[in-house]
Amino acid sequence: MTDDDVIGLRGKESSGPRWAAFKELNNTAARLGASGRVAEATAMLREAVQLTYVDDVDAAGLDGRARALGNLAGLAEGQGDTDGALRLAEEALAACYAAEAEAGDRYGTVAVRASVLVNRAQTLQLLGRLDEALADLDGALGIVGEGGDGDEGFLAISANNSRSVLLIGLERLEEADAAAQLTLRLASARDPRLTGYPYSNLAAIAQALNDHENAMAYLRLAEQVHLAAGDPIAAALAVANQGRSAMRMGDTEAGRRLLAAAEQAFSDGEQPLRAAELRYSRAHAAFQAGDPARARELLGPAITVLRDAGHASMLAEALAVQGDINAAEAAFQQAEESYLEAWRVYEAAGARYHLARIDMRRAFAIADWAGLVESPADRERLLRFAFDLSLPSALATDAMRHGFAPGRSRERWAATVAVPAMAHALSLAAALRDGALVSELLEHMSATVSLHAPAPLDYEPFEEEPNLIAPSDGELLSFTASALVTGTSGDFPATRFALPPRLRVNPWREPVLEPWIQETERRYGFAIRSDEVIETW
């Protein structure tokens with residue numbers, strides 16, 4: 001493999017013969033890491049870094065040290081060593097500042113610093129530290145601006161792709177789509193080998209909206225691009241996401257096969273954290289296929305790795321599935337403990353929608369529990385507990401539709417998330433014989449009627465094999481492309497509806513729904529209705 005096969009950052013000026021041995025080690029390690037030979041790459045990078053720890057190190061050596069440490073940080077994250085990844089990133093940034101203090105941007109160190117920030121944002125996002133991730137991305141974007149033909153162009157792709165991923169995690173899907181489309185445009189113009197990343201993000205957005213057909217099309221494109229680019233790890237990730245999409249479409253057998261193949265690829269590529277993510281997905285698939293014993297067997301080791309790595313979002317999802325398994329086996333107390341741990345992980349990450357979603361699962365489980373108890377008093381107590389979870393989570397998910405622009409995304413959210421949640425809350429209100437609340441809930445729902453508008457996806461898949469353009473000429477000091485799978489920022493405009501008004505259904509009695517609306521806003525931390533009050537009688 002030649003240097004031009006590596007997607008990375010190029011130095012502006014040659015580091016000279018003094019650092020030739022370092023450069024060979026660093027570049028060879030980058031290629032080994034990209035091909036999944038992580039242990040060899042790590043050992044080689046450590047050897048390269050040691051070459052720079054000499055008393056008379058110059059700016060070129062400091063620049064090289066920053067690049068090698070940045071590569072090591074990316075590899076450490078893939079191994080699940082998130083603490084090590086953050087420490088190495090901090091050391092890389094210190095080397096950048098030292099090199100810049102001595103020689104400015106003579107060796108292209110400013111771009112390296114931006115890349116380290118983007119990579120660190122990925123690790124911070126994985127840990128659920130979203131504000132810090134956003135700050136790092138803002139810093140990187142402040143450096144690279146709108147990009148160009150040099151390293152800044154590559155980093156503009158990386159940073160904008162990173163925006164998309166973080167915005168997906170924050171459920172700001174309209175903005176995430178805008179960021180992904182921008183990344184796709186930049187990558188297509190600069191280096192089509194990079195288009196697989198925005199295709200995967202567009203697939204994630206489609207999946208979030210239950211548009212599984214388009215999600216699968218995007219993921220197949222991503223897999224083809226990554227394979228053509230010689231990136232087996234990224235291709236395996238696309239295959240894994242195809243498996244998840246197949247599961248959501250109801251094709252359990254295909255989903256299990258794809259997930260198992262992807263997990264094996266990550267294990268072979270010495271990526272234990274990615275393998276644990278896939279093991280969780282396989283556990284979920286086994287549970288959905290009616291094999292809870294197999295699901296438990298897979299889920300336990302996955303949770304251990306995810307917890308040790310501090311992988312916030314995936315740990316929370318794994319714990320939620322553990323709760324589902326316990327609930328299905330009528331182990332309701334254990335289910336509640338798993339759900340609550342997942343809730344706390346999401347609360348720390350500020351993932352508001354996910355809090356409501358976990359509460360919804362808790363409500364379903366506790367309502368099932370109520371149906372099995374013999375004591376009428378215990379049944380009443382459990383039903384009221386389930387309702388206390390169900391109604392606020394339903395009100396919250398219903399309100400979230402107003403964050404979508406008019407069109408298909410908004411309608412999918414209403415049909416697949418908001419309406420089922422509200423239906424469960426209504427059924428519990430009826431079981432508790434609260435006619436006044438049922439009446440006000442129906443009025444409340446009538447004030448949230450959605451508009452229907454076509455919103456076709458706007459993308460152009462490759463008609464033939466992509467034309468893979470070689471990177472620009474110049475001395476190569478490789479830097480891993482792992483930053484292409486992270487993201488942040490919130491400055492993309494998106495059309496929004498104003499929140500609907502509060503309703504006063506009966507002027508002769510105090511409203512019974514209003515206290516629940518207030519509790520929902522307190523519990524999840526955002527408004528679900530405007531301050532305007534309208535009489536409906």
# chains A, B, ... in the order shown; residues from 1 in each chain; ligands from 1

$ residues_around --residues "Val116 in chain A" --least-positions-apart "6" --cutoff "12 Å" --atoms "only C-alpha atoms" --output "PyMOL selection string"
chain A and resi 9+66-74+85-97+109-110+122-123+133+136-137+139-140+143+155+158-159+479-484

$ write_last_selection --atoms "C-alpha atoms" --output "PDB file, in the first residue's frame"
ATOM      1  CA  LEU A   9      -3.268  15.036   6.818  1.00  0.00           C
ATOM      2  CA  ALA A  66       1.215  15.249  17.933  1.00  0.00           C
ATOM      3  CA  ARG A  67       0.252  13.183  14.878  1.00  0.00           C
ATOM      4  CA  ALA A  68       1.375   9.880  16.390  1.00  0.00           C
ATOM      5  CA  LEU A  69      -0.298  10.618  19.741  1.00  0.00           C
ATOM      6  CA  GLY A  70      -3.496  11.520  17.912  1.00  0.00           C
ATOM      7  CA  ASN A  71      -3.386   8.210  16.085  1.00  0.00           C
ATOM      8  CA  LEU A  72      -2.818   6.390  19.381  1.00  0.00           C
ATOM      9  CA  ALA A  73      -5.813   8.179  20.909  1.00  0.00           C
ATOM     10  CA  GLY A  74      -8.032   6.929  18.088  1.00  0.00           C
ATOM     11  CA  ALA A  85      -7.911   8.150  24.521  1.00  0.00           C
ATOM     12  CA  LEU A  86      -8.602  11.416  26.353  1.00  0.00           C
ATOM     13  CA  ARG A  87      -5.155  11.444  27.971  1.00  0.00           C
ATOM     14  CA  LEU A  88      -3.417  10.827  24.643  1.00  0.00           C
ATOM     15  CA  ALA A  89      -5.494  13.532  22.961  1.00  0.00           C
ATOM     16  CA  GLU A  90      -4.474  16.001  25.671  1.00  0.00           C
ATOM     17  CA  GLU A  91      -0.818  15.105  25.121  1.00  0.00           C
ATOM     18  CA  ALA A  92      -1.279  15.513  21.370  1.00  0.00           C
ATOM     19  CA  LEU A  93      -2.755  18.982  21.840  1.00  0.00           C
ATOM     20  CA  ALA A  94       0.147  19.960  24.114  1.00  0.00           C
ATOM     21  CA  ALA A  95       2.569  18.857  21.371  1.00  0.00           C
ATOM     22  CA  CYS A  96       0.622  20.918  18.829  1.00  0.00           C
ATOM     23  CA  TYR A  97       0.841  24.060  20.936  1.00  0.00           C
ATOM     24  CA  THR A 109       0.329  21.621  12.833  1.00  0.00           C
ATOM     25  CA  VAL A 110      -2.792  23.796  13.058  1.00  0.00           C
ATOM     26  CA  GLN A 122     -15.922  11.644  19.311  1.00  0.00           C
ATOM     27  CA  THR A 123     -14.659  10.175  22.580  1.00  0.00           C
ATOM     28  CA  ALA A 133     -17.857  17.532  22.627  1.00  0.00           C
ATOM     29  CA  ASP A 136     -14.234  20.784  20.809  1.00  0.00           C
ATOM     30  CA  LEU A 137     -16.129  20.800  17.528  1.00  0.00           C
ATOM     31  CA  GLY A 139     -12.881  24.896  18.229  1.00  0.00           C
ATOM     32  CA  ALA A 140     -12.117  22.703  15.230  1.00  0.00           C
ATOM     33  CA  ILE A 143      -9.815  26.608  12.689  1.00  0.00           C
ATOM     34  CA  LEU A 155     -11.129  18.513   8.149  1.00  0.00           C
ATOM     35  CA  SER A 158     -14.708  15.487   9.172  1.00  0.00           C
ATOM     36  CA  ALA A 159     -16.087  18.295  11.348  1.00  0.00           C
ATOM     37  CA  PHE A 479      -3.594  10.861  10.579  1.00  0.00           C
ATOM     38  CA  THR A 480      -6.427   8.405  11.129  1.00  0.00           C
ATOM     39  CA  ALA A 481      -9.864   9.218   9.750  1.00  0.00           C
ATOM     40  CA  SER A 482     -11.710   8.106  12.878  1.00  0.00           C
ATOM     41  CA  ALA A 483     -12.964  11.652  13.399  1.00  0.00           C
ATOM     42  CA  LEU A 484     -15.304  11.078  10.495  1.00  0.00           C
TER      43      LEU A 484
END

$ residues_around --residues "range 251-267 of chain A" --least-positions-apart "2" --cutoff "9 Å" --atoms "only C-alpha atoms" --output "PyMOL selection string"
chain A and resi 36+232-233+235-249+269-279+281-282+285-286+288-289

$ write_last_selection --atoms "C-alpha atoms" --output "PDB file, in the first residue's frame"
ATOM      1  CA  GLY A  36      -7.558  -3.722  11.545  1.00  0.00           C
ATOM      2  CA  PRO A 232     -12.923  -3.036   6.222  1.00  0.00           C
ATOM      3  CA  ILE A 233     -13.750  -1.635   9.665  1.00  0.00           C
ATOM      4  CA  ALA A 235     -17.570  -1.435   5.901  1.00  0.00           C
ATOM      5  CA  ALA A 236     -18.272  -3.742   8.858  1.00  0.00           C
ATOM      6  CA  LEU A 237     -20.005  -0.880  10.662  1.00  0.00           C
ATOM      7  CA  ALA A 238     -22.250  -0.357   7.619  1.00  0.00           C
ATOM      8  CA  VAL A 239     -23.052  -4.090   7.605  1.00  0.00           C
ATOM      9  CA  ALA A 240     -23.883  -3.901  11.322  1.00  0.00           C
ATOM     10  CA  ASN A 241     -26.287  -1.061  10.696  1.00  0.00           C
ATOM     11  CA  GLN A 242     -27.847  -3.054   7.868  1.00  0.00           C
ATOM     12  CA  GLY A 243     -28.462  -5.785  10.421  1.00  0.00           C
ATOM     13  CA  ARG A 244     -30.148  -3.353  12.801  1.00  0.00           C
ATOM     14  CA  SER A 245     -32.279  -2.003   9.971  1.00  0.00           C
ATOM     15  CA  ALA A 246     -33.278  -5.523   8.914  1.00  0.00           C
ATOM     16  CA  MET A 247     -34.380  -6.228  12.478  1.00  0.00           C
ATOM     17  CA  ARG A 248     -36.533  -3.116  12.523  1.00  0.00           C
ATOM     18  CA  MET A 249     -38.103  -4.209   9.234  1.00  0.00           C
ATOM     19  CA  GLY A 269      -9.944  -6.248  13.564  1.00  0.00           C
ATOM     20  CA  GLU A 270      -9.128  -5.977  17.281  1.00  0.00           C
ATOM     21  CA  GLN A 271     -12.015  -3.596  17.990  1.00  0.00           C
ATOM     22  CA  PRO A 272     -13.527  -4.953  21.251  1.00  0.00           C
ATOM     23  CA  LEU A 273     -15.702  -1.915  21.944  1.00  0.00           C
ATOM     24  CA  ARG A 274     -17.305  -2.097  18.505  1.00  0.00           C
ATOM     25  CA  ALA A 275     -17.675  -5.864  18.967  1.00  0.00           C
ATOM     26  CA  ALA A 276     -19.503  -5.242  22.272  1.00  0.00           C
ATOM     27  CA  GLU A 277     -21.885  -2.842  20.532  1.00  0.00           C
ATOM     28  CA  LEU A 278     -22.672  -5.560  18.023  1.00  0.00           C
ATOM     29  CA  ARG A 279     -23.057  -8.182  20.755  1.00  0.00           C
ATOM     30  CA  SER A 281     -27.501  -5.708  18.986  1.00  0.00           C
ATOM     31  CA  ARG A 282     -27.361  -9.488  18.587  1.00  0.00           C
ATOM     32  CA  ALA A 285     -32.233  -9.560  17.966  1.00  0.00           C
ATOM     33  CA  ALA A 286     -32.316 -12.809  19.948  1.00  0.00           C
ATOM     34  CA  GLN A 288     -37.061 -10.173  19.508  1.00  0.00           C
ATOM     35  CA  ALA A 289     -36.806 -13.654  17.972  1.00  0.00           C
TER      36      ALA A 289
END

$ residues_around --residues "range 343-345 of chain A" --least-positions-apart "6" --cutoff "8 Å" --atoms "only C-alpha atoms" --output "list in words"
Ala312, Ser313, Leu315, Ala316, His354, Leu355, Ile358 and Asp359 of chain A

$ atom_distance --atom1 "CA of Ala228 in chain A" --atom2 "CA of Leu126 in chain A"
27.7 Å
